[in-house]
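Structure data (compact mmCIF, C-alpha atoms) from structure_24.txt:
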# COMPACT_ATOMS: atom_id res chain seq x y z
CA MET A 1 38.54 46.29 7.67
CA ARG A 2 34.80 45.74 7.84
CA CYS A 3 32.41 43.43 6.03
CA SER A 4 29.01 44.04 4.46
CA PRO A 5 26.45 41.57 3.16
CA ILE A 6 25.82 41.40 -0.57
CA ARG A 7 22.13 41.04 -1.36
CA GLY A 8 20.40 39.58 -4.41
CA GLY A 9 20.85 35.91 -3.54
CA PRO A 10 22.15 33.76 -0.70
CA LEU A 11 23.88 35.90 1.91
CA ARG A 12 27.48 36.52 0.88
CA TRP A 13 30.02 38.84 2.46
CA PHE A 14 32.36 41.24 0.75
CA CYS A 15 35.16 42.63 2.92
CA TYR A 16 36.90 45.95 2.29
CA ASP A 17 39.04 48.52 4.05
CA SER A 18 37.39 51.67 5.36
CA CYS A 19 39.46 53.75 2.94
CA GLU A 20 37.56 52.07 0.12
CA ALA A 21 34.19 53.28 1.35
CA ALA A 22 33.82 55.66 -1.59
CA ALA A 23 33.78 52.66 -3.93
CA ASP A 24 31.11 50.80 -1.94
CA ARG A 25 28.33 51.01 -4.49
CA SER A 26 30.36 50.08 -7.54
CA LEU A 27 32.00 47.17 -5.76
CA LEU A 28 28.74 45.80 -4.42
CA THR A 29 27.14 46.10 -7.85
CA ALA A 30 30.05 44.24 -9.43
CA TYR A 31 29.72 41.41 -6.91
CA ARG A 32 25.92 41.19 -6.92
CA LEU A 33 24.78 37.66 -7.61
CA PRO A 34 22.58 37.04 -10.66
CA VAL A 35 18.83 36.64 -10.79
CA ILE A 36 17.83 33.23 -12.16
CA VAL A 37 14.22 32.74 -13.25
CA VAL A 38 12.31 29.52 -13.90
CA PRO A 39 9.28 30.99 -15.70
CA ASP A 40 7.49 27.80 -16.70
CA ASP A 41 7.61 25.19 -13.92
CA PHE A 42 4.08 23.94 -14.60
CA PRO A 43 3.43 21.13 -13.90
CA SER A 44 6.12 21.65 -11.28
CA VAL A 45 9.28 19.54 -11.28
CA PHE A 46 11.94 22.10 -10.38
CA GLU A 47 10.65 23.74 -7.22
CA GLY A 48 11.97 22.01 -4.11
CA SER A 49 14.27 19.70 -6.07
CA ALA A 50 17.98 19.14 -5.51
CA ALA A 51 18.56 21.26 -8.61
CA HIS A 52 16.58 24.12 -7.03
CA GLU A 53 18.81 24.02 -3.96
CA ARG A 54 21.92 23.93 -6.12
CA ALA A 55 20.71 26.94 -8.12
CA ARG A 56 20.20 28.92 -4.92
CA ALA A 57 23.94 28.83 -4.37
CA LEU A 58 24.34 30.82 -7.59
CA GLY A 59 21.97 33.71 -6.98
CA GLU A 60 18.39 34.74 -6.39
CA VAL A 61 16.10 32.09 -7.84
CA ARG A 62 12.50 32.86 -8.78
CA VAL A 63 10.28 29.92 -9.72
CA TYR A 64 6.83 30.30 -11.30
CA THR A 65 4.63 27.24 -10.87
CA GLU A 66 1.44 28.74 -12.31
CA ARG A 67 0.04 28.49 -15.82
CA GLY A 68 0.70 31.36 -18.19
CA ALA A 69 4.21 30.92 -19.58
CA ASP A 70 2.71 30.09 -22.97
CA ASP A 71 1.71 33.76 -23.23
CA GLU A 72 4.54 35.79 -24.75
CA SER A 73 4.00 38.92 -22.68
CA GLU A 74 3.57 36.96 -19.46
CA LEU A 75 6.75 35.00 -20.16
CA ALA A 76 8.65 38.27 -20.66
CA ARG A 77 7.15 39.71 -17.48
CA ARG A 78 8.26 36.71 -15.44
CA ILE A 79 11.79 36.87 -16.80
CA GLY A 80 11.96 40.62 -16.31
CA GLN A 81 15.51 41.77 -15.58
CA ALA A 82 16.88 38.29 -14.93
CA ARG A 83 20.25 37.30 -16.29
CA VAL A 84 19.44 33.59 -16.65
CA ALA A 85 16.24 31.71 -17.53
CA ILE A 86 15.85 28.00 -16.91
CA ASN A 87 13.39 26.62 -19.47
CA ILE A 88 11.42 23.64 -18.18
CA ARG A 89 8.47 23.38 -20.56
CA ALA A 90 8.25 23.56 -24.36
CA HIS A 91 5.03 25.59 -24.16
CA ALA A 92 7.14 28.61 -23.11
CA ARG A 93 8.10 30.12 -26.44
CA PHE A 94 11.15 32.37 -26.48
CA THR A 95 10.31 34.40 -29.58
CA ASP A 96 12.22 37.39 -30.86
CA ALA A 97 9.64 39.69 -29.26
CA ALA A 98 9.91 37.92 -25.91
CA LEU A 99 13.71 38.12 -26.00
CA CYS A 100 13.54 41.79 -26.97
CA ALA A 101 11.48 42.46 -23.84
CA CYS A 102 14.18 40.90 -21.63
CA PRO A 103 17.24 43.10 -22.32
CA ARG A 104 19.34 41.71 -19.46
CA LEU A 105 18.81 38.06 -20.34
CA GLU A 106 22.14 36.43 -21.18
CA MET A 107 21.42 32.72 -21.01
CA ILE A 108 18.63 30.18 -21.44
CA SER A 109 19.32 26.76 -19.94
CA VAL A 110 16.94 24.14 -21.34
CA TRP A 111 15.82 21.09 -19.38
CA GLY A 112 15.93 18.64 -22.28
CA THR A 113 17.34 18.50 -25.78
CA GLY A 114 14.66 20.13 -27.94
CA THR A 115 14.98 23.86 -28.61
CA ASP A 116 12.24 24.34 -31.20
CA ASN A 117 10.43 26.63 -28.74
CA ILE A 118 13.35 29.08 -28.89
CA ASP A 119 14.14 31.42 -31.77
CA LEU A 120 17.81 30.50 -31.90
CA ALA A 121 18.66 33.07 -34.57
CA ALA A 122 17.08 35.85 -32.50
CA ALA A 123 18.88 34.61 -29.39
CA ALA A 124 22.20 34.71 -31.24
CA ARG A 125 21.54 38.23 -32.51
CA ARG A 126 20.75 39.42 -29.01
CA GLY A 127 23.73 37.72 -27.42
CA VAL A 128 21.68 35.15 -25.51
CA THR A 129 23.48 31.83 -25.04
CA VAL A 130 21.23 28.76 -25.27
CA CYS A 131 22.34 25.51 -23.64
CA ASN A 132 20.62 22.13 -23.43
CA ILE A 133 21.39 18.71 -21.96
CA PRO A 134 21.97 16.31 -24.88
CA GLY A 135 21.64 12.64 -24.03
CA ALA A 136 20.10 13.17 -20.60
CA ASN A 137 16.94 11.28 -21.53
CA ALA A 138 18.38 9.06 -24.27
CA TYR A 139 17.97 5.71 -22.53
CA ALA A 140 14.45 6.47 -21.30
CA VAL A 141 13.17 7.81 -24.62
CA ALA A 142 14.77 4.98 -26.59
CA GLU A 143 13.17 2.40 -24.30
CA HIS A 144 9.82 4.14 -24.80
CA ALA A 145 10.24 4.07 -28.58
CA ILE A 146 10.82 0.32 -28.44
CA ALA A 147 7.84 -0.06 -26.10
CA LEU A 148 5.62 1.75 -28.61
CA MET A 149 6.93 -0.46 -31.43
CA LEU A 150 6.09 -3.59 -29.46
CA ALA A 151 2.73 -2.25 -28.30
CA VAL A 152 1.64 -1.62 -31.90
CA ALA A 153 3.20 -4.77 -33.34
CA ARG A 154 1.76 -7.02 -30.63
CA LYS A 155 -1.55 -5.07 -30.41
CA ILE A 156 -1.19 -5.05 -26.64
CA PRO A 157 -3.56 -2.15 -25.77
CA ALA A 158 -6.37 -3.48 -28.00
CA ILE A 159 -5.98 -7.05 -26.77
CA ASP A 160 -5.87 -5.87 -23.15
CA ARG A 161 -9.15 -3.97 -23.61
CA ARG A 162 -10.85 -7.02 -25.14
CA MET A 163 -9.55 -9.30 -22.40
CA ARG A 164 -11.06 -7.03 -19.76
CA LYS A 165 -14.41 -7.35 -21.53
CA GLY A 166 -14.27 -11.14 -21.30
CA ASP A 167 -12.91 -11.93 -24.78
CA TRP A 168 -10.07 -14.33 -25.57
CA PRO A 169 -8.54 -12.85 -28.80
CA ARG A 170 -6.55 -15.22 -31.02
CA GLU A 171 -5.51 -12.89 -33.86
CA MET A 172 -2.09 -12.98 -35.51
CA LEU A 173 0.59 -10.58 -34.25
CA THR A 174 3.79 -9.08 -35.70
CA GLN A 175 7.25 -10.32 -34.75
CA LEU A 176 10.06 -7.74 -34.76
CA TYR A 177 12.93 -10.25 -34.94
CA GLY A 178 14.22 -10.34 -38.50
CA LYS A 179 12.39 -7.17 -39.48
CA THR A 180 14.01 -3.91 -40.64
CA LEU A 181 14.08 -0.86 -38.39
CA GLY A 182 14.62 2.53 -40.01
CA VAL A 183 15.89 5.23 -37.64
CA PHE A 184 15.74 8.87 -38.67
CA GLY A 185 18.15 10.82 -36.48
CA THR A 186 21.43 9.43 -35.16
CA GLY A 187 21.97 11.56 -32.07
CA HIS A 188 22.01 10.17 -28.54
CA ILE A 189 18.41 8.91 -28.68
CA GLY A 190 18.49 7.61 -32.25
CA ALA A 191 21.74 5.75 -31.64
CA ARG A 192 20.22 4.08 -28.59
CA VAL A 193 17.06 3.13 -30.49
CA ALA A 194 19.27 1.55 -33.16
CA ALA A 195 21.21 -0.41 -30.52
CA LEU A 196 18.02 -1.72 -28.92
CA GLY A 197 16.65 -2.64 -32.34
CA ARG A 198 19.76 -4.70 -33.06
CA ALA A 199 19.38 -6.37 -29.66
CA LEU A 200 15.92 -7.51 -30.78
CA GLY A 201 17.45 -9.05 -33.89
CA MET A 202 16.34 -6.34 -36.30
CA GLU A 203 18.30 -5.09 -39.29
CA VAL A 204 18.86 -1.37 -38.69
CA LEU A 205 19.04 1.41 -41.28
CA THR A 206 19.88 4.95 -40.17
CA TRP A 207 19.58 8.43 -41.65
CA SER A 208 21.11 11.65 -40.32
CA ALA A 209 19.84 15.14 -41.15
CA ARG A 210 23.40 16.46 -40.92
CA GLY A 211 25.26 13.70 -42.67
CA GLN A 212 22.89 13.02 -45.57
CA ALA A 213 21.87 16.31 -47.14
CA GLY A 214 21.04 17.05 -50.75
CA ALA A 215 20.15 14.57 -53.47
CA ALA A 216 22.08 11.71 -51.89
CA GLY A 217 20.24 12.26 -48.63
CA ALA A 218 16.88 12.30 -50.38
CA GLY A 219 17.68 9.00 -52.04
CA ALA A 220 18.75 7.43 -48.76
CA LYS A 221 15.58 8.68 -47.10
CA GLN A 222 13.42 7.11 -49.79
CA GLU A 223 15.31 3.81 -49.60
CA LEU A 224 14.88 3.66 -45.82
CA LEU A 225 11.13 4.31 -46.09
CA CYS A 226 10.75 1.63 -48.75
CA ARG A 227 12.68 -1.01 -46.82
CA ALA A 228 11.71 -0.38 -43.21
CA ASP A 229 9.09 -2.41 -41.38
CA VAL A 230 9.28 0.06 -38.50
CA VAL A 231 10.17 3.75 -38.88
CA SER A 232 11.36 5.62 -35.79
CA LEU A 233 11.53 9.43 -35.81
CA ASN A 234 14.25 10.80 -33.53
CA LEU A 235 15.06 14.06 -35.30
CA ARG A 236 15.25 17.58 -33.93
CA LEU A 237 12.49 19.83 -35.19
CA THR A 238 14.03 22.46 -37.46
CA PRO A 239 12.72 24.34 -40.51
CA GLU A 240 14.31 21.60 -42.62
CA THR A 241 12.70 18.69 -40.73
CA ARG A 242 9.21 20.15 -40.27
CA ASP A 243 6.72 17.93 -42.17
CA PHE A 244 9.61 15.51 -42.76
CA ILE A 245 7.06 12.75 -43.30
CA GLY A 246 4.12 13.66 -45.53
CA ALA A 247 1.83 12.03 -48.07
CA ALA A 248 4.69 11.28 -50.49
CA GLU A 249 6.73 9.59 -47.78
CA PHE A 250 3.79 7.55 -46.48
CA ALA A 251 3.20 6.33 -50.05
CA LEU A 252 6.66 4.74 -49.99
CA MET A 253 6.08 2.79 -46.79
CA LYS A 254 5.00 -0.83 -46.67
CA PRO A 255 1.31 -1.55 -45.95
CA ALA A 256 2.43 -3.45 -42.82
CA ALA A 257 4.82 -0.71 -41.65
CA ILE A 258 4.68 0.90 -38.21
CA LEU A 259 5.54 4.55 -37.52
CA VAL A 260 6.92 5.56 -34.11
CA ASN A 261 7.39 9.23 -33.23
CA THR A 262 9.12 10.25 -30.01
CA GLY A 263 10.72 13.33 -31.60
CA ARG A 264 8.27 16.14 -32.26
CA GLY A 265 4.72 16.08 -33.59
CA ALA A 266 5.45 18.53 -36.39
CA LEU A 267 7.97 16.13 -37.95
CA VAL A 268 4.91 14.52 -39.54
CA GLU A 269 2.34 16.33 -41.66
CA ARG A 270 -0.82 16.00 -39.57
CA SER A 271 -3.38 15.65 -42.37
CA ALA A 272 -1.29 12.97 -44.07
CA LEU A 273 -0.88 11.10 -40.77
CA LEU A 274 -4.62 11.08 -40.08
CA ALA A 275 -5.39 9.95 -43.62
CA VAL A 276 -2.92 7.08 -43.74
CA LEU A 277 -3.98 5.77 -40.32
CA SER A 278 -7.73 6.11 -40.79
CA GLU A 279 -7.50 4.43 -44.20
CA GLU A 280 -5.18 1.74 -42.75
CA ARG A 281 -2.55 2.25 -45.43
CA ILE A 282 0.08 1.37 -42.83
CA ALA A 283 -0.31 -1.04 -39.91
CA GLY A 284 -0.31 1.62 -37.23
CA ALA A 285 1.60 4.19 -35.22
CA GLY A 286 3.01 4.72 -31.75
CA LEU A 287 2.96 8.41 -30.88
CA ASP A 288 4.39 10.21 -27.86
CA VAL A 289 4.40 13.69 -29.42
CA PHE A 290 1.73 15.77 -31.15
CA HIS A 291 1.21 18.99 -33.07
CA ASP A 292 -0.78 20.50 -30.21
CA GLU A 293 -0.20 19.42 -26.64
CA PRO A 294 -2.00 18.39 -24.59
CA LEU A 295 -3.96 16.43 -27.15
CA ALA A 296 -7.50 17.76 -27.52
CA GLU A 297 -10.26 15.61 -26.05
CA ASN A 298 -11.93 15.28 -29.46
CA ASP A 299 -8.74 14.76 -31.47
CA PRO A 300 -9.32 12.11 -34.20
CA LEU A 301 -6.20 10.23 -33.10
CA ARG A 302 -7.99 9.21 -29.91
CA GLY A 303 -10.53 7.24 -31.92
CA LEU A 304 -8.14 5.22 -34.10
CA ALA A 305 -7.70 1.59 -33.07
CA ASN A 306 -4.34 1.22 -34.83
CA VAL A 307 -2.66 3.97 -32.81
CA VAL A 308 -0.96 3.71 -29.41
CA LEU A 309 -0.75 7.07 -27.64
CA SER A 310 1.33 8.37 -24.74
CA PRO A 311 1.31 11.94 -23.36
CA HIS A 312 4.82 13.12 -24.30
CA ASN A 313 6.20 11.33 -21.27
CA ALA A 314 8.87 9.11 -22.85
CA GLY A 315 11.56 10.77 -20.76
CA GLN A 316 9.60 10.96 -17.53
CA THR A 317 11.54 8.72 -15.18
CA PRO A 318 12.88 9.63 -11.72
CA GLU A 319 16.43 9.21 -12.98
CA VAL A 320 15.95 11.46 -16.00
CA ARG A 321 14.19 14.13 -13.94
CA ARG A 322 16.82 14.20 -11.19
CA ASP A 323 19.90 14.01 -13.39
CA GLY A 324 18.51 16.25 -16.11
CA LEU A 325 17.56 19.07 -13.74
CA LEU A 326 20.98 18.92 -12.10
CA ARG A 327 22.69 19.07 -15.50
CA THR A 328 20.51 22.04 -16.44
CA VAL A 329 21.75 23.92 -13.37
CA GLU A 330 25.30 22.74 -14.06
CA ASN A 331 25.08 24.49 -17.43
CA VAL A 332 24.13 27.68 -15.56
CA GLU A 333 27.09 27.25 -13.21
CA ASN A 334 29.49 26.84 -16.10
CA PHE A 335 28.06 29.82 -17.99
CA LEU A 336 28.39 32.09 -14.97
CA ALA A 337 31.96 30.85 -14.54
CA GLY A 338 32.76 31.88 -18.11
CA ARG A 339 32.93 28.43 -19.67
CA ALA A 340 29.54 27.74 -21.28
CA THR A 341 28.80 24.06 -21.93
CA ASN A 342 26.38 22.29 -24.28
CA VAL A 343 25.80 25.44 -26.31
CA VAL A 344 23.15 25.03 -29.02
CA ARG A 345 24.21 26.46 -32.37
CA THR A 346 21.84 27.73 -35.04
Give the structure from this file in structure tokens form.
Amino acid sequence: MRCSPIRGGPLRWFCYDSCEAAADRSLLTAYRLPVIVVPDDFPSVFEGSAAHERARALGEVRVYTERGADDESELARRIGQARVAINIRAHARFTDAALCACPRLEMISVWGTGTDNIDLAAAARRGVTVCNIPGANAYAVAEHAIALMLAVARKIPAIDRRMRKGDWPREMLTQLYGKTLGVFGTGHIGARVAALGRALGMEVLTWSARGQAGAAGAGAKQELLCRADVVSLNLRLTPETRDFIGAAEFALMKPAAILVNTGRGALVERSALLAVLSEERIAGAGLDVFHDEPLAENDPLRGLANVVLSPHNAGQTPEVRRDGLLRTVENVENFLAGRATNVVRT
């Protein structure tokens, strides 16, 4: 018996009897470890992490830390003949054309919950399994949603700026205790937002895209918008939820209402959002997500005093980064072992 190294990843050894020499090539091909590509690690979080080291035990890992994954052809070039892609950033868009150019791709493992950058129907047609990590950032994002609510209600950024200029503002603020919180989306994040709202003494109303469809759902949506003092958007972005809040929905909201969006920018119709905020038809908004990211330097939202902005970083904590990246690689491990976990359905 003799042993030969198997290339294509960490050094592994496959042992065989000399009489099997004729089958060398087929056996080595069968046991070749997969190529795993991280095409969009910019800004870099994956390279050099514990998750990176864990992935190396599975096969050859190629990490791209340069800009460019937002270009369809460049994304396809980076993935090449890889079997698995680990998706770090939402600016990498896995379109039907991109998937078509990667014929050996079998799996996309997403760092996060959102999959609106992936054509799920095309992935299903092409036999590409898509997995995410639901709930990995739920506590962090929910805390951030509450922080945005409080920042708008208590006017903290504006008051802080005036204090630094020497002022001593004495204006009236908004108390959340006893107010009504409307939560759109009852997944891991939405459920946590609701729990934190109750902890603040708020009455909580919830609406689920899956559980409240049709006419009954439309009625419940309208009732929530009419009653809520604070509206929190925690929905997935799908064709059905795009422009979920538009001019008609804003017209139902109270003049003193606050909108908080930690879901996706496109959940809200942009022109309607700018109009209602600039005309002060609601009290204000706390926004962590936008239609185009990063937010343009001259974007009108930057000039509105009744808006609190954060750069899509609600889930950016050391705990979320570490645990989420490890769970993303764990999904790859399970897929390669034949037991895919956290599969996203169309």
Give as a list of chain:residue names every residue, naming chains and numbers as the document does, that has an atom within 10 Å of (17.7, 16.2, -16.3), counting all atoms listed in the file.
A:Ala51, A:Ile88, A:Val110, A:Trp111, A:Gly112, A:Thr113, A:Asn132, A:Ile133, A:Pro134, A:Gly135, A:Ala136, A:Asn137, A:Gly315, A:Gln316, A:Thr317, A:Pro318, A:Glu319, A:Val320, A:Arg321, A:Arg322, A:Asp323, A:Gly324, A:Leu325, A:Leu326, A:Arg327, A:Thr328, A:Val329
Take the residues just selected and output them with C-alpha atoms as a CSV table (one decimal), keeping the file's coordinate frame.
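Written output follows (part.csv):
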chain,number,residue,atom,x,y,z
A,51,ALA,CA,18.6,21.3,-8.6
A,88,ILE,CA,11.4,23.6,-18.2
A,110,VAL,CA,16.9,24.1,-21.3
A,111,TRP,CA,15.8,21.1,-19.4
A,112,GLY,CA,15.9,18.6,-22.3
A,113,THR,CA,17.3,18.5,-25.8
A,132,ASN,CA,20.6,22.1,-23.4
A,133,ILE,CA,21.4,18.7,-22.0
A,134,PRO,CA,22.0,16.3,-24.9
A,135,GLY,CA,21.6,12.6,-24.0
A,136,ALA,CA,20.1,13.2,-20.6
A,137,ASN,CA,16.9,11.3,-21.5
A,315,GLY,CA,11.6,10.8,-20.8
A,316,GLN,CA,9.6,11.0,-17.5
A,317,THR,CA,11.5,8.7,-15.2
A,318,PRO,CA,12.9,9.6,-11.7
A,319,GLU,CA,16.4,9.2,-13.0
A,320,VAL,CA,16.0,11.5,-16.0
A,321,ARG,CA,14.2,14.1,-13.9
A,322,ARG,CA,16.8,14.2,-11.2
A,323,ASP,CA,19.9,14.0,-13.4
A,324,GLY,CA,18.5,16.2,-16.1
A,325,LEU,CA,17.6,19.1,-13.7
A,326,LEU,CA,21.0,18.9,-12.1
A,327,ARG,CA,22.7,19.1,-15.5
A,328,THR,CA,20.5,22.0,-16.4
A,329,VAL,CA,21.8,23.9,-13.4
Gap from CA of Val231 in chain A to CA of Thr174 in chain A - Å, one decimal:
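Separation of CA of Val231 in chain A and CA of Thr174 in chain A: 14.7 Å.
With CA of Ala69 in chain A on one side and CA of Leu295 in chain A on the other, the separation reads 18.3 Å.
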Neighbouring residues of range 276-290 of chain A were defined as those with any atom within 9 Å, considering all atoms listed in the file; residues of the same chain fewer than 2 positions away were excluded. Please report them as an mmCIF file with C-alpha atoms, keeping the file's coordinate frame.
data_model
loop_
_atom_site.group_PDB
_atom_site.id
_atom_site.type_symbol
_atom_site.label_atom_id
_atom_site.label_comp_id
_atom_site.auth_asym_id
_atom_site.auth_seq_id
_atom_site.Cartn_x
_atom_site.Cartn_y
_atom_site.Cartn_z
ATOM 1 C CA HIS A 144 9.820 4.140 -24.800
ATOM 2 C CA ALA A 145 10.240 4.070 -28.580
ATOM 3 C CA ALA A 147 7.840 -0.060 -26.100
ATOM 4 C CA LEU A 148 5.620 1.750 -28.610
ATOM 5 C CA MET A 149 6.930 -0.460 -31.430
ATOM 6 C CA ALA A 151 2.730 -2.250 -28.300
ATOM 7 C CA VAL A 152 1.640 -1.620 -31.900
ATOM 8 C CA ALA A 153 3.200 -4.770 -33.340
ATOM 9 C CA ALA A 247 1.830 12.030 -48.070
ATOM 10 C CA PHE A 250 3.790 7.550 -46.480
ATOM 11 C CA ALA A 251 3.200 6.330 -50.050
ATOM 12 C CA MET A 253 6.080 2.790 -46.790
ATOM 13 C CA LYS A 254 5.000 -0.830 -46.670
ATOM 14 C CA PRO A 255 1.310 -1.550 -45.950
ATOM 15 C CA ALA A 256 2.430 -3.450 -42.820
ATOM 16 C CA ALA A 257 4.820 -0.710 -41.650
ATOM 17 C CA ILE A 258 4.680 0.900 -38.210
ATOM 18 C CA LEU A 259 5.540 4.550 -37.520
ATOM 19 C CA VAL A 260 6.920 5.560 -34.110
ATOM 20 C CA ASN A 261 7.390 9.230 -33.230
ATOM 21 C CA THR A 262 9.120 10.250 -30.010
ATOM 22 C CA GLY A 263 10.720 13.330 -31.600
ATOM 23 C CA ARG A 264 8.270 16.140 -32.260
ATOM 24 C CA GLY A 265 4.720 16.080 -33.590
ATOM 25 C CA ALA A 266 5.450 18.530 -36.390
ATOM 26 C CA ARG A 270 -0.820 16.000 -39.570
ATOM 27 C CA SER A 271 -3.380 15.650 -42.370
ATOM 28 C CA ALA A 272 -1.290 12.970 -44.070
ATOM 29 C CA LEU A 273 -0.880 11.100 -40.770
ATOM 30 C CA LEU A 274 -4.620 11.080 -40.080
ATOM 31 C CA ASP A 292 -0.780 20.500 -30.210
ATOM 32 C CA GLU A 293 -0.200 19.420 -26.640
ATOM 33 C CA PRO A 294 -2.000 18.390 -24.590
ATOM 34 C CA LEU A 295 -3.960 16.430 -27.150
ATOM 35 C CA LEU A 301 -6.200 10.230 -33.100
ATOM 36 C CA LEU A 304 -8.140 5.220 -34.100
ATOM 37 C CA ALA A 305 -7.700 1.590 -33.070
ATOM 38 C CA ASN A 306 -4.340 1.220 -34.830
ATOM 39 C CA VAL A 307 -2.660 3.970 -32.810
ATOM 40 C CA VAL A 308 -0.960 3.710 -29.410
ATOM 41 C CA LEU A 309 -0.750 7.070 -27.640
ATOM 42 C CA SER A 310 1.330 8.370 -24.740
ATOM 43 C CA PRO A 311 1.310 11.940 -23.360
ATOM 44 C CA HIS A 312 4.820 13.120 -24.300
ATOM 45 C CA ASN A 313 6.200 11.330 -21.270
ATOM 46 C CA ALA A 314 8.870 9.110 -22.850
#
Selected residue of minimal separation from Ser109 in chain A among A:Ala85, A:Leu176, A:Leu336, A:Leu181, counting all atoms listed in the file:
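That would be A:Ala85, the residue with the smallest distance to Ser109 in chain A.
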Reconstruct N, CA and C atoms of range 165-182 of chain A from the incomplete input and present them as a PDB file, in the coordinates of the input.
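Saved result, selection09.pdb, follows:
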ATOM      1  N   LYS A 165     -12.984  -7.214 -21.229  1.00  0.00           N
ATOM      2  CA  LYS A 165     -14.410  -7.350 -21.530  1.00  0.00           C
ATOM      3  C   LYS A 165     -14.860  -8.811 -21.568  1.00  0.00           C
ATOM      4  N   GLY A 166     -13.922  -9.731 -21.323  1.00  0.00           N
ATOM      5  CA  GLY A 166     -14.270 -11.140 -21.300  1.00  0.00           C
ATOM      6  C   GLY A 166     -13.890 -11.912 -22.536  1.00  0.00           C
ATOM      7  N   ASP A 167     -13.302 -11.246 -23.540  1.00  0.00           N
ATOM      8  CA  ASP A 167     -12.910 -11.930 -24.780  1.00  0.00           C
ATOM      9  C   ASP A 167     -11.615 -12.715 -24.583  1.00  0.00           C
ATOM     10  N   TRP A 168     -11.324 -13.562 -25.550  1.00  0.00           N
ATOM     11  CA  TRP A 168     -10.070 -14.330 -25.570  1.00  0.00           C
ATOM     12  C   TRP A 168      -9.524 -14.255 -27.007  1.00  0.00           C
ATOM     13  N   PRO A 169      -8.952 -13.090 -27.403  1.00  0.00           N
ATOM     14  CA  PRO A 169      -8.540 -12.850 -28.800  1.00  0.00           C
ATOM     15  C   PRO A 169      -7.444 -13.821 -29.249  1.00  0.00           C
ATOM     16  N   ARG A 170      -7.544 -14.276 -30.483  1.00  0.00           N
ATOM     17  CA  ARG A 170      -6.550 -15.220 -31.020  1.00  0.00           C
ATOM     18  C   ARG A 170      -5.988 -14.725 -32.347  1.00  0.00           C
ATOM     19  N   GLU A 171      -5.974 -13.417 -32.577  1.00  0.00           N
ATOM     20  CA  GLU A 171      -5.510 -12.890 -33.860  1.00  0.00           C
ATOM     21  C   GLU A 171      -3.994 -12.978 -33.995  1.00  0.00           C
ATOM     22  N   MET A 172      -3.513 -12.915 -35.229  1.00  0.00           N
ATOM     23  CA  MET A 172      -2.090 -12.980 -35.510  1.00  0.00           C
ATOM     24  C   MET A 172      -1.420 -11.650 -35.146  1.00  0.00           C
ATOM     25  N   LEU A 173      -0.181 -11.746 -34.681  1.00  0.00           N
ATOM     26  CA  LEU A 173       0.590 -10.580 -34.250  1.00  0.00           C
ATOM     27  C   LEU A 173       1.836 -10.435 -35.117  1.00  0.00           C
ATOM     28  N   THR A 174       2.582  -9.352 -34.910  1.00  0.00           N
ATOM     29  CA  THR A 174       3.790  -9.080 -35.700  1.00  0.00           C
ATOM     30  C   THR A 174       5.034  -9.312 -34.855  1.00  0.00           C
ATOM     31  N   GLN A 175       5.963 -10.069 -35.401  1.00  0.00           N
ATOM     32  CA  GLN A 175       7.250 -10.320 -34.750  1.00  0.00           C
ATOM     33  C   GLN A 175       8.278  -9.317 -35.260  1.00  0.00           C
ATOM     34  N   LEU A 176       9.052  -8.721 -34.354  1.00  0.00           N
ATOM     35  CA  LEU A 176      10.060  -7.740 -34.760  1.00  0.00           C
ATOM     36  C   LEU A 176      11.386  -8.397 -35.147  1.00  0.00           C
ATOM     37  N   TYR A 177      11.688  -9.553 -34.586  1.00  0.00           N
ATOM     38  CA  TYR A 177      12.930 -10.250 -34.940  1.00  0.00           C
ATOM     39  C   TYR A 177      12.958 -10.519 -36.440  1.00  0.00           C
ATOM     40  N   GLY A 178      14.067 -10.134 -37.070  1.00  0.00           N
ATOM     41  CA  GLY A 178      14.220 -10.340 -38.500  1.00  0.00           C
ATOM     42  C   GLY A 178      13.649  -9.234 -39.360  1.00  0.00           C
ATOM     43  N   LYS A 179      12.950  -8.292 -38.738  1.00  0.00           N
ATOM     44  CA  LYS A 179      12.390  -7.170 -39.480  1.00  0.00           C
ATOM     45  C   LYS A 179      13.426  -6.049 -39.603  1.00  0.00           C
ATOM     46  N   THR A 180      13.102  -5.039 -40.405  1.00  0.00           N
ATOM     47  CA  THR A 180      14.010  -3.910 -40.640  1.00  0.00           C
ATOM     48  C   THR A 180      13.502  -2.679 -39.912  1.00  0.00           C
ATOM     49  N   LEU A 181      14.386  -2.084 -39.123  1.00  0.00           N
ATOM     50  CA  LEU A 181      14.080  -0.860 -38.390  1.00  0.00           C
ATOM     51  C   LEU A 181      14.796   0.309 -39.059  1.00  0.00           C
ATOM     52  N   GLY A 182      14.040   1.322 -39.441  1.00  0.00           N
ATOM     53  CA  GLY A 182      14.620   2.530 -40.010  1.00  0.00           C
ATOM     54  C   GLY A 182      14.601   3.647 -38.982  1.00  0.00           C
TER      55      GLY A 182
END
